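S.K.: Sharing a structure, written as structure tokens. Questions coming.
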Amino acid sequence: MERENAIDVKDLHISYKCLKSFSIKRSLLQLKKTNTEVFEAVKGVSFSVKKGEILGIVGKNGSGKSTMLKAIAGIFSPDEGSIDLHGNSVSLLSIGVGFQKKLTGRENILLSGLLLGFSEEQVRAKMDEIINFAGLGKFIDMPVKTYSSGMYSKLAFSITAILEADIMLIDEVLSVGDAKFKKKSYNKMKELISNEDRTVVIVSHSSQQLQELCTSILWLHEGELRMQGETKEVLEAYEEFMS
Amino acid sequence: MNRFIKDMKRYFAYAKFAARADLKAEVASSYLNWLWWVLDPLLFMMVYTFIAIVVFRSSVQYFPLFVFVGLTLWNFFNKTVIQSVKLVRNNSSIVSKVYVPKYILILQRMMVNGFKMLVSFGLIAIMLIIYRVPLTWNIIYMIPVMIVLALFTFGLSCIVLHFGVFVDDLYNVMNVVLRLMFYMSGIFYSIGTKLSEPYRSILLKCNPVSMLIESARRCMLYSSLPYRKLIVLWGVVSLLLCWIGVKTIYKYENSYVKVM
């Protein structure tokens, strides 16, 4: 059965250029034009992900992986090319979306949920599940500023993992919290992934995890698409290249 | 335009909740708590009343109220605009992790400052009773006055927010500009009696804040009509400003993250 595409990326270019902020003082003092540096993070990548597929992205540091995820999540706009999500909702799984440090964990769950575009009822319905999953005990009713960094990321992970979106983008957060929570989040990840309708894009440096989770792999090298295909095949080539 | 309405529907609840959260956080961390929302405008009113009555020997009817109305409106405008300059930078933890239309952040600030303004209005109501100010139906004109003030503040803040991202020291510039505007808005003196033509008409017609403050005083304190034509005119200008501001933000907001 042919499944429809969930993500279509065509000829994506993203560059960080002269968008350095300038100050009026500086531009008055240096009348000569400052040289504008253009750094192209992603150079013409195209791929598509089918619905229900789990795509892993590998590549060394600075090869544009995170930039691309941010572009798919709609935080960046592409300089050239297009990203089509076919109307699916998307969430970027990352640490600590806009926590208000003086408020309690419970209130922050609601705040983050609303920020991710869910309605208040939807968040309230899932509230208990999130609290349970985070497993913070009585800390859930304490201000977030009293949390340890592990607790902080546990809460953040629980919010994004349990408020489900059609497309989930995961940026190296599979290693959050203590050993117990790590296992729990890994299992949750697997459960989320096993849902046939959910499309997942994972960025990770752990070949072992990717091997277990992904259906296909994309290898980015210095902003360019180096290889795309079966998990095993690409991972082997990648590992050979890295060693 | 359609996108604006859709986004507003989607994120309005967030703005409301975040504003409430901000207020709560503010209260949680100070000793006198919410009393500051009352004390702050009250104390500033005393400062300006002292300066105006003792130093400048001003003689305006209901002077403390006169100052208070001006300060209330001005504070809302001033705080929202000055906070907009660094809004994206201060919220970088949100902006770099999730997409949110950036003017929603302004809306949130407006709600926070609007709530404080409401507290001030409560105080004004009490003072109106204490001073036995005769009220008339003219007070209904406060509604359009407030709407135009909100629109103008929102429109201007959108534009300030946009440039605030790219220009590092806009904050310093805006501080000076707003201070100048403060003195040109007749908050502790009456533009109508203290100034001579042509400055009087220039300040009243070209500075919407002073026009709105004067209008609010007229219809609340002195039982007279506000500048109706000017209110409509500035209402239209403010709408235009909002439209430009929102359009600019939509066009460039995706590159804000790259600058930071």
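Just so we're on the same page: first chain in the structure tokens is A, next is B, and so on; residues restart at 1 for each chain, and ligands are numbered from 1 in the order they show up.
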Using only C-alpha atoms, which chain B residues lie at most 8 Å away from chain A, written as number ranges by chain?

M.R.: B: 10-11, 13-14, 17-18, 21, 24-25, 28, 91, 93-100, 165-170, 254-255, 257-260

S.K.: Determine, counting only C-alpha atoms, which protein, DNA and RNA residues have an atom within 9 Å of an atom of B:Asn75; residues of the same chain fewer than 5 positions away are not included. Present the result as an MDAnalysis selection string.

M.R.: chainID B and resid 41 70 80 113 117

S.K.: Within 12 Å of B:Phe77, counting only C-alpha atoms, which residues qualify if same-chain residues fewer than 3 places away don't, as an MDAnalysis selection string?

M.R.: chainID B and resid 70:74 80:84 106 109:114 116:117 146 148:157 178 181:182 185 208:210 212:213

S.K.: Find the distance between atom CA of A:Leu85 and atom CA of A:Met68 and write it in Å to one decimal.

M.R.: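 According to the coordinates, atom CA of A:Leu85 and atom CA of A:Met68 are separated by 13.6 Å.
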
S.K.: Would you kindly return, as a CSV table (one decimal) with N, CA and C atoms, in the first residue's frame, each protein, DNA or RNA residue with an atom no farther than 9 Å from any atom of B:Phe12, considering only C-alpha atoms and excluding same-chain residues fewer than 6 positions away?

M.R.:
```csv
chain,number,residue,atom,x,y,z
B,104,ILE,N,1.9,37.9,19.6
B,104,ILE,CA,1.3,37.4,20.7
B,104,ILE,C,2.0,37.8,22.0
B,107,LEU,N,0.8,41.1,22.9
B,107,LEU,CA,-0.5,41.0,23.5
B,107,LEU,C,-0.5,40.6,24.9
B,108,GLN,N,0.4,39.7,25.2
B,108,GLN,CA,0.6,39.2,26.6
B,108,GLN,C,1.0,40.4,27.5
```

S.K.: Neighbouring residues of B:Asn2 were defined as those with any atom within 12 Å, considering only C-alpha atoms; residues of the same chain fewer than 6 positions away were excluded. Please report them as JSON, numbers by chain.

M.R.: {"B": [8, 9, 247]}

S.K.: Taking only C-alpha atoms into account, name the residue in B:Val237, B:Met211, B:Phe188, B:Ile202 that is nearest to B:Phe56.

M.R.: B:Phe188

S.K.: Running DSSP on the backbone, which parts of stretch 107-229 of chain A land in strand (DSSP E), as a ChimeraX atom specification?

M.R.: /A:167-171,199-203,216-221,224-229

S.K.: Select, from B:Asn207, B:Thr136, B:Ser196, B:Ser201, the residue with the minimum atom-to-atom distance to B:Trp234, counting only C-alpha atoms.

M.R.: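 The shortest atom-to-atom distance to B:Trp234 comes from B:Asn207.
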
S.K.: Record the distance separating atom CA of B:Leu239 and atom CA of B:Ser215, expressed in Å with one decimal.

M.R.: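 Distance between the two atoms: 19.2 Å.
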
S.K.: Can you list, as a list in words, every protein, DNA or RNA residue that comes within 8 Å of A:Leu12 when you count only C-alpha atoms, leaving out same-chain residues fewer than 4 positions away?

M.R.: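 In the requested form, the answer reads Val42, Lys43, Gly44, Val45, Ser46, Pro78, Asp79, Glu80, Gly81, Ser82 and Ile83 of chain A.
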
S.K.: What is the distance, in Å and to one decimal place, between atom CA of B:Arg217 and atom CA of B:Leu43?

M.R.: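 Distance between the two atoms: 19.9 Å.
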